[in-house]
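As stored in structure.tsv (TSV, C-alpha atoms):
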chain	number	residue	atom	x	y	z
M	136	GLN	CA	41.15	-34.41	20.11
M	137	ASN	CA	40.61	-31.02	18.45
M	138	ASP	CA	37.43	-28.97	18.12
M	139	ARG	CA	36.50	-27.96	14.61
M	140	GLN	CA	36.16	-24.28	13.80
M	141	LYS	CA	32.45	-23.22	13.82
M	142	ALA	CA	30.43	-20.52	12.09
M	143	ARG	CA	27.97	-18.17	13.78
M	144	VAL	CA	25.48	-16.98	11.16
M	145	SER	CA	22.92	-14.30	12.01
M	146	VAL	CA	20.56	-11.84	10.34
M	147	VAL	CA	19.07	-8.50	11.34
M	148	LYS	CA	15.76	-7.23	9.93
M	149	ARG	CA	15.03	-3.47	9.86
M	150	ASP	CA	12.43	-1.04	8.56
M	151	LYS	CA	13.89	0.89	5.62
M	152	ASP	CA	12.59	4.27	6.83
M	153	THR	CA	12.81	4.08	10.63
M	154	SER	CA	15.66	1.51	10.96
M	155	ASN	CA	13.71	-0.12	13.78
M	156	GLY	CA	14.05	-3.89	14.15
M	157	LEU	CA	11.19	-5.96	12.74
M	158	ALA	CA	9.83	-9.15	14.26
M	159	GLY	CA	8.42	-12.00	12.19
M	160	GLY	CA	10.83	-11.99	9.24
M	161	ILE	CA	11.60	-15.54	8.11
M	162	PHE	CA	14.97	-16.35	6.50
M	163	GLY	CA	16.38	-19.46	4.92
M	164	LEU	CA	20.02	-20.58	4.85
M	165	TYR	CA	20.86	-22.46	1.65
M	166	ALA	CA	23.84	-24.30	0.21
M	167	SER	CA	25.17	-22.30	-2.74
M	168	GLU	CA	27.20	-25.32	-3.92
M	169	ASN	CA	27.22	-29.08	-3.41
M	170	ILE	CA	28.34	-30.00	0.11
M	171	THR	CA	30.38	-33.22	0.31
M	172	ASN	CA	31.62	-35.38	3.17
M	173	ALA	CA	35.16	-36.66	3.75
M	174	ASP	CA	34.63	-39.40	1.18
M	175	GLY	CA	33.59	-36.91	-1.49
M	176	ASN	CA	29.93	-37.92	-1.49
M	177	VAL	CA	27.32	-35.15	-1.84
M	178	VAL	CA	25.38	-34.83	1.41
M	179	ALA	CA	23.54	-31.60	0.48
M	180	ALA	CA	23.01	-30.53	-3.10
M	181	LYS	CA	23.28	-26.94	-4.28
M	182	GLY	CA	20.12	-25.01	-3.35
M	183	THR	CA	19.25	-27.22	-0.37
M	184	LEU	CA	17.55	-25.42	2.52
M	185	LEU	CA	19.77	-26.08	5.56
M	186	ASP	CA	18.05	-24.03	8.25
M	187	LYS	CA	15.26	-21.49	8.78
M	188	VAL	CA	14.89	-18.77	11.42
M	189	THR	CA	12.35	-16.09	12.45
M	190	THR	CA	13.46	-12.67	13.72
M	191	ASP	CA	12.56	-11.61	17.27
M	192	ARG	CA	11.10	-8.27	18.39
M	193	ASN	CA	14.53	-6.67	17.95
M	194	GLY	CA	14.74	-7.93	14.39
M	195	SER	CA	17.53	-10.45	15.15
M	196	ALA	CA	17.83	-14.18	14.53
M	197	ILE	CA	20.68	-16.74	14.72
M	198	PHE	CA	20.86	-19.92	12.67
M	199	SER	CA	21.48	-23.10	14.69
M	200	VAL	CA	22.75	-25.40	11.93
M	201	ASP	CA	26.39	-26.58	12.23
M	202	LEU	CA	27.98	-25.67	8.87
M	203	PRO	CA	30.87	-27.64	7.38
M	204	ILE	CA	34.05	-25.72	6.57
M	205	GLY	CA	35.08	-25.03	2.99
M	206	PHE	CA	31.74	-24.47	1.29
M	207	GLY	CA	29.61	-21.56	0.11
M	208	TYR	CA	26.26	-20.55	1.55
M	209	GLU	CA	23.58	-17.90	0.98
M	210	ILE	CA	20.71	-16.38	2.96
M	211	LYS	CA	17.39	-15.31	1.44
M	212	GLU	CA	14.23	-13.88	2.88
M	213	VAL	CA	11.43	-16.45	2.79
M	214	GLN	CA	8.64	-14.34	4.26
M	215	ALA	CA	8.50	-10.68	5.22
M	216	PRO	CA	7.00	-9.40	8.47
M	217	GLU	CA	3.32	-8.49	8.28
M	218	ASN	CA	2.58	-5.28	6.34
M	219	TYR	CA	6.00	-5.37	4.64
M	220	LEU	CA	7.21	-6.25	1.16
M	221	ARG	CA	9.51	-9.24	0.81
M	222	ASN	CA	13.09	-8.29	-0.02
M	223	GLN	CA	13.78	-10.47	-3.07
M	224	THR	CA	16.78	-8.55	-4.41
M	225	ASP	CA	19.09	-8.84	-1.39
M	226	VAL	CA	20.79	-12.25	-1.15
M	227	TYR	CA	23.66	-12.55	1.32
M	228	ALA	CA	26.32	-15.01	0.10
M	229	PHE	CA	29.42	-16.04	2.07
M	230	GLN	CA	32.20	-18.63	1.97
M	231	PHE	CA	33.05	-20.44	5.18
M	232	ASN	CA	36.80	-21.09	4.95
M	233	TYR	CA	39.25	-22.07	7.68
M	234	THR	CA	41.17	-19.06	9.05
M	235	ASN	CA	43.61	-20.12	11.81
M	236	ASP	CA	43.92	-22.31	14.89
M	237	ARG	CA	43.13	-19.50	17.35
M	238	GLU	CA	39.59	-18.57	16.26
M	239	ALA	CA	37.03	-21.01	17.57
M	240	ARG	CA	34.16	-19.26	15.80
M	241	ILE	CA	33.81	-17.07	12.72
M	242	SER	CA	30.83	-14.72	12.50
M	243	PHE	CA	28.76	-14.01	9.40
M	244	SER	CA	25.98	-11.44	9.69
M	245	HIS	CA	23.87	-9.35	7.34
M	246	VAL	CA	21.25	-6.60	7.75
M	247	PHE	CA	18.16	-6.95	5.57
M	248	VAL	CA	15.82	-3.95	5.15
M	249	ASN	CA	12.18	-4.03	4.15
M	250	GLU	CA	9.91	-1.45	2.56
M	251	ARG	CA	6.43	-1.20	3.98
M	252	VAL	CA	3.49	-2.09	1.78
M	253	ASN	CA	1.75	1.16	0.81
M	254	ALA	CA	-1.78	1.97	-0.31
M	255	THR	CA	-3.36	4.04	-3.07
M	256	ILE	CA	-6.93	5.37	-2.90
M	257	ARG	CA	-8.79	6.60	-5.99
M	258	ILE	CA	-12.07	8.48	-6.38
M	259	PHE	CA	-14.19	8.43	-9.52
M	260	LYS	CA	-16.92	11.06	-9.74
M	261	LYS	CA	-20.00	10.39	-11.85
M	262	ASP	CA	-23.26	12.13	-12.68
M	263	LYS	CA	-25.94	10.53	-10.50
M	264	GLU	CA	-28.63	10.60	-13.23
M	265	THR	CA	-26.57	9.37	-16.17
M	266	ASP	CA	-24.06	7.21	-14.25
M	267	ARG	CA	-21.38	8.54	-16.59
M	268	SER	CA	-18.18	10.48	-16.03
M	269	ARG	CA	-19.51	13.29	-18.18
M	270	PRO	CA	-21.18	16.38	-16.71
M	271	GLN	CA	-24.56	17.74	-17.79
M	272	GLY	CA	-25.04	21.23	-19.20
M	273	ASP	CA	-22.59	23.81	-17.90
M	274	ALA	CA	-21.61	21.71	-14.88
M	275	VAL	CA	-18.11	20.21	-14.48
M	276	LEU	CA	-16.66	17.21	-12.64
M	277	GLY	CA	-13.27	18.76	-11.98
M	278	HIS	CA	-12.07	20.67	-8.91
M	279	ALA	CA	-14.19	18.70	-6.46
M	280	VAL	CA	-12.32	18.56	-3.14
M	281	TYR	CA	-12.38	15.49	-0.89
M	282	LYS	CA	-10.77	14.95	2.48
M	283	LEU	CA	-9.34	11.58	3.54
M	284	TYR	CA	-9.73	10.65	7.21
M	285	ALA	CA	-8.57	7.78	9.40
M	286	ARG	CA	-11.55	5.63	10.39
M	287	LYS	CA	-9.43	3.88	13.02
M	288	ASP	CA	-5.98	4.67	14.41
M	289	ILE	CA	-3.32	4.24	11.71
M	290	ILE	CA	-0.35	2.53	13.38
M	291	HIS	CA	3.16	2.26	11.95
M	292	PRO	CA	3.88	-1.33	10.89
M	293	ASP	CA	7.20	-1.50	12.75
M	294	LYS	CA	5.15	-1.68	15.99
M	295	LYS	CA	7.53	0.77	17.64
M	296	THR	CA	6.88	4.17	16.07
M	297	GLY	CA	3.28	4.14	17.29
M	298	VAL	CA	0.12	5.91	16.05
M	299	LEU	CA	0.57	8.00	12.92
M	300	PHE	CA	-3.02	9.24	12.60
M	301	HIS	CA	-5.73	8.98	15.24
M	302	ALA	CA	-9.28	7.94	14.36
M	303	GLY	CA	-11.13	10.85	12.74
M	304	GLU	CA	-7.93	12.75	11.98
M	305	PRO	CA	-7.48	14.10	8.42
M	306	VAL	CA	-4.81	12.31	6.43
M	307	GLY	CA	-4.84	14.04	3.06
M	308	THR	CA	-6.77	15.95	0.40
M	309	LEU	CA	-7.88	14.82	-3.04
M	310	THR	CA	-8.96	17.12	-5.89
M	311	THR	CA	-10.62	15.72	-9.01
M	312	ASP	CA	-9.36	16.43	-12.51
M	313	LYS	CA	-11.62	17.40	-15.43
M	314	GLU	CA	-12.62	13.75	-15.86
M	315	GLY	CA	-13.71	13.48	-12.24
M	316	LYS	CA	-10.75	11.38	-11.09
M	317	ALA	CA	-8.50	11.85	-8.07
M	318	GLU	CA	-6.00	9.72	-6.17
M	319	ILE	CA	-3.71	9.79	-3.17
M	320	THR	CA	-0.67	7.50	-2.95
M	321	GLY	CA	1.93	6.39	-0.42
M	322	LEU	CA	-0.60	5.73	2.35
M	323	TYR	CA	-0.04	3.43	5.30
M	324	LEU	CA	-2.25	0.36	5.51
M	325	GLY	CA	-5.37	0.81	7.63
M	326	GLU	CA	-9.01	1.87	7.59
M	327	TYR	CA	-9.99	5.21	6.03
M	328	PHE	CA	-13.00	7.12	4.77
M	329	VAL	CA	-13.37	9.97	2.28
M	330	LYS	CA	-15.91	12.77	2.34
M	331	GLU	CA	-16.53	15.59	-0.11
M	332	LEU	CA	-15.80	19.09	1.15
M	333	THR	CA	-16.42	21.15	-1.97
M	334	PRO	CA	-18.56	20.00	-4.93
M	335	PRO	CA	-17.66	20.87	-8.52
M	336	ALA	CA	-19.45	23.73	-10.24
M	337	GLY	CA	-23.01	22.84	-11.16
M	338	TYR	CA	-23.41	19.95	-8.71
M	339	LEU	CA	-24.72	19.46	-5.19
M	340	ILE	CA	-22.34	18.19	-2.52
M	341	ASP	CA	-22.16	14.43	-1.94
M	342	GLU	CA	-23.00	13.93	1.74
M	343	ALA	CA	-21.94	10.26	1.85
M	344	GLU	CA	-18.85	8.92	3.64
M	345	TYR	CA	-17.01	6.22	1.70
M	346	ASP	CA	-15.17	3.64	3.79
M	347	LEU	CA	-12.00	2.13	2.34
M	348	VAL	CA	-10.15	-0.68	4.12
M	349	CYS	CA	-6.55	-0.98	2.93
M	350	ASN	CA	-5.52	-4.33	4.40
M	351	TYR	CA	-2.41	-6.45	3.87
M	352	GLU	CA	-2.53	-8.70	0.78
M	353	GLY	CA	0.74	-10.57	1.26
M	354	ASP	CA	4.46	-9.79	1.06
M	355	LEU	CA	4.54	-9.84	-2.75
M	356	THR	CA	1.99	-7.02	-3.19
M	357	ALA	CA	3.80	-3.68	-3.01
M	358	THR	CA	0.73	-1.43	-3.31
M	359	VAL	CA	-2.80	-2.11	-2.10
M	360	GLU	CA	-5.28	-0.29	-4.34
M	361	ARG	CA	-8.79	0.78	-3.34
M	362	GLU	CA	-11.34	2.93	-5.16
M	363	CYS	CA	-14.82	4.37	-4.73
M	364	ILE	CA	-17.42	6.04	-6.94
M	365	SER	CA	-18.99	9.29	-5.81
M	366	LEU	CA	-22.32	10.06	-7.48
M	367	GLU	CA	-23.17	13.75	-7.83
M	368	GLN	CA	-26.60	15.31	-8.35
M	369	VAL	CA	-26.56	18.05	-10.96
M	370	LYS	CA	-28.22	21.34	-10.02
M	371	LYS	CA	-31.44	22.14	-11.91
M	372	GLN	CA	-33.38	25.35	-12.54
M	373	PRO	CA	-37.08	25.20	-13.46
M	374	PHE	CA	-38.52	28.14	-15.39
M	375	GLN	CA	-42.00	29.33	-16.40
M	376	ILE	CA	-43.37	31.25	-19.37
M	377	ILE	CA	-46.44	33.47	-19.08
M	378	LYS	CA	-48.20	34.52	-22.28
M	379	ALA	CA	-49.67	38.03	-21.99
M	380	ALA	CA	-51.53	40.19	-24.50
M	381	ASP	CA	-49.87	43.49	-25.44
M	382	ASN	CA	-53.06	45.42	-24.58
M	383	GLY	CA	-52.69	44.49	-20.92
M	384	LYS	CA	-55.56	42.01	-20.94
M	385	THR	CA	-54.95	38.43	-19.83
M	386	ASP	CA	-57.80	36.48	-21.29
M	387	ALA	CA	-56.64	32.92	-20.66
M	388	ASP	CA	-58.90	31.41	-23.28
M	389	LEU	CA	-57.57	33.68	-26.02
M	390	LEU	CA	-53.90	33.25	-24.98
M	391	ALA	CA	-53.97	29.46	-24.50
M	392	GLY	CA	-52.36	27.17	-27.06
M	393	ALA	CA	-49.19	29.12	-27.97
M	394	GLY	CA	-46.19	26.79	-28.42
M	395	PHE	CA	-42.63	27.47	-27.22
M	396	THR	CA	-39.32	25.63	-27.63
M	397	ALA	CA	-36.39	25.84	-25.15
M	398	TYR	CA	-32.87	25.76	-26.63
M	399	LEU	CA	-29.51	25.09	-24.98
M	400	ILE	CA	-27.34	28.14	-25.62
M	401	SER	CA	-24.20	26.96	-23.79

Would you write out, as structure tokens, the structure that this file holds?
Amino acid sequence: QNDRQKARVSVVKRDKDTSNGLAGGIFGLYASENITNADGNVVAAKGTLLDKVTTDRNGSAIFSVDLPIGFGYEIKEVQAPENYLRNQTDVYAFQFNYTNDREARISFSHVFVNERVNATIRIFKKDKETDRSRPQGDAVLGHAVYKLYARKDIIHPDKKTGVLFHAGEPVGTLTTDKEGKAEITGLYLGEYFVKELTPPAGYLIDEAEYDLVCNYEGDLTATVERECISLEQVKKQPFQIIKAADNGKTDADLLAGAGFTAYLIS
């Protein structure tokens, strides 16, 4: 009796930026062609899922299926680890052919990398009285400065790098354009809040803190988008007109009833 040559098929899952191994990646091993038995009958059609594995904390996994010699196979990612984007472009294909009578096992291995899901936060500034993105009078909506803070600790998704930003720590700065819009991109998933530091000219500062939870929406969503509206109270200046006689007398009865009109110069 002779033992048949076997194949050892494994995968390694890594973070694209840190190269740390990622746990929880699920991979499928498929037949890339019809697999037949000794009589020539198809026992597994092309595209059949033959085995499925999940990577451990080191990012490694080994398939247990016993593959027949002389056929082609391919490995695809079925599900990405939490907080990562599924790698749909990388498909590892290999042909398991007999080599010689001295190798009991042939190894096939491939490293798959994943990009983390990122977040984008946008701020829209509006006039509190009009609820429109158009300033009143000489006021403007541009050049308002906001600071983004971590509401809770922001932890790297590879579960090895650790805390990136501690709770209450500033993460970034946003400055509105002339239309009152601002955004910050490339954020890690987590819980944040934004607070205005400097109001635009002609407006009072917005004292509110706006909470924004950027949570995972699945491995097919590359960017999680969140937005908030900051309402700004325009500054106002009351004025008074006093009608006085040119002879220095201020007889209210004689001076009452004069009409005035206020015009907007600028």

Using only the atoms of segment 311-330 of chain M listed in the file, plus 3 Å on each side, state the axis-aligned box centre and edge lengths in Å rounded to one decimal, as lines of an AutoDock Vina configuration file.
center_x = -7.0
center_y = 8.9
center_z = -4.1
size_x = 23.8
size_y = 23.0
size_z = 29.5

Dig up all the protein and nucleic acid residues within 8 Å of (20.2, -14.7, 11.0) in the file frame, using all atoms listed in the file, and format them as a PyMOL selection string.
chain M and resi 144-147+162+188+190+195-198+244-245

Using all atoms listed in the file, can you tell me which of M:Gly325, M:Gly272, M:Pro203, M:Gly353 comes closest to Lys371 of chain M?
M:Gly272

Measuring between all atoms listed in the file, which one of M:Ala393, M:Ala379, M:Val252, M:Val200 shows the shortest distance to Ala142 of chain M?
M:Val200

Could you check how far atom CA of Thr171 of chain M sits from atom CA of Gly207 of chain M, in Å to one decimal?
11.7 Å

Atom pair atom CA of Phe395 of chain M / atom CA of Lys263 of chain M: separation (Å):
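Answer for the atom CA of Phe395 of chain M to atom CA of Lys263 of chain M separation: 29.1 Å.
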
Min atom-atom distance to Glu344 of chain M from the set M:Val359, M:Leu399, M:Arg149, M:Phe328, counting all atoms listed in the file, belongs to M:Phe328

Residue neighbourhood Asp346 of chain M, 12 Å, only C-alpha atoms, exclusion window fewer than 3 positions, as a ChimeraX atom specification:
/M:256,258,283-287,325-330,343,349,361-365

Next, dump the selected residues to file, keeping only C-alpha atoms, as a PDB file, keeping the file's coordinate frame.
ATOM      1  CA  ILE M 256      -6.930   5.370  -2.900  1.00  0.00           C
ATOM      2  CA  ILE M 258     -12.070   8.480  -6.380  1.00  0.00           C
ATOM      3  CA  LEU M 283      -9.340  11.580   3.540  1.00  0.00           C
ATOM      4  CA  TYR M 284      -9.730  10.650   7.210  1.00  0.00           C
ATOM      5  CA  ALA M 285      -8.570   7.780   9.400  1.00  0.00           C
ATOM      6  CA  ARG M 286     -11.550   5.630  10.390  1.00  0.00           C
ATOM      7  CA  LYS M 287      -9.430   3.880  13.020  1.00  0.00           C
ATOM      8  CA  GLY M 325      -5.370   0.810   7.630  1.00  0.00           C
ATOM      9  CA  GLU M 326      -9.010   1.870   7.590  1.00  0.00           C
ATOM     10  CA  TYR M 327      -9.990   5.210   6.030  1.00  0.00           C
ATOM     11  CA  PHE M 328     -13.000   7.120   4.770  1.00  0.00           C
ATOM     12  CA  VAL M 329     -13.370   9.970   2.280  1.00  0.00           C
ATOM     13  CA  LYS M 330     -15.910  12.770   2.340  1.00  0.00           C
ATOM     14  CA  ALA M 343     -21.940  10.260   1.850  1.00  0.00           C
ATOM     15  CA  CYS M 349      -6.550  -0.980   2.930  1.00  0.00           C
ATOM     16  CA  ARG M 361      -8.790   0.780  -3.340  1.00  0.00           C
ATOM     17  CA  GLU M 362     -11.340   2.930  -5.160  1.00  0.00           C
ATOM     18  CA  CYS M 363     -14.820   4.370  -4.730  1.00  0.00           C
ATOM     19  CA  ILE M 364     -17.420   6.040  -6.940  1.00  0.00           C
ATOM     20  CA  SER M 365     -18.990   9.290  -5.810  1.00  0.00           C
TER      21      SER M 365
END

Distance criterion (all atoms listed in the file): nearest to Gly337 of chain M out of M:Thr265, M:Gln375, M:Asn172, M:Gln271:
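Of all the options, M:Gln271 lies closest to Gly337 of chain M.
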
Between atom CA of Ala239 of chain M and atom CA of Thr189 of chain M, measure the distance and give it in Å to one decimal.
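Result for atom CA of Ala239 of chain M versus atom CA of Thr189 of chain M: 25.7 Å, one decimal.
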
Which neighbours of Asp288 of chain M fall inside 7 Å, counting all atoms listed in the file, when residues of the same chain fewer than 5 positions from it are skipped, and could you give them as an NGL selection string?
:M and (298 or 300-302)

Of the candidates M:Glu168, M:Ala279, M:Gln230, M:Asp293, which shows the shortest atom-to-atom distance to Ser154 of chain M, using only C-alpha atoms?
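Ranked by minimum distance to Ser154 of chain M, first place goes to M:Asp293.
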
Selection: 7 Å around Lys282 of chain M, only C-alpha atoms, excl. self and same-chain fewer than 3 positions, as JSON, numbers by chain:
{"M": [305, 307, 308, 309, 329, 330, 331, 332]}

Leaving out Ile204 of chain M and any residue of its chain fewer than 5 positions from it, which residues lie within 8 Å of it when counting all atoms listed in the file, given as a list in words?
Gln140, Lys141, Phe231, Asn232 and Tyr233 of chain M

If we count all atoms listed in the file and set the cut-off at 9 Å, which residues sit around Phe247 of chain M, ignoring sequence neighbours fewer than 3 positions away in its own chain? Please answer as a list in words.
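Result of the neighbour search: Val146, Val147, Lys148, Arg149, Asp150, Lys151, Glu212, Asn222, Asp225, Val226 and Tyr227 of chain M.
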
Could you check which of M:Lys313, M:Lys260, M:Lys295, M:Lys181 is closest to Asn169 of chain M, using all atoms listed in the file?
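Among the listed residues, the smallest separation from Asn169 of chain M belongs to M:Lys181.
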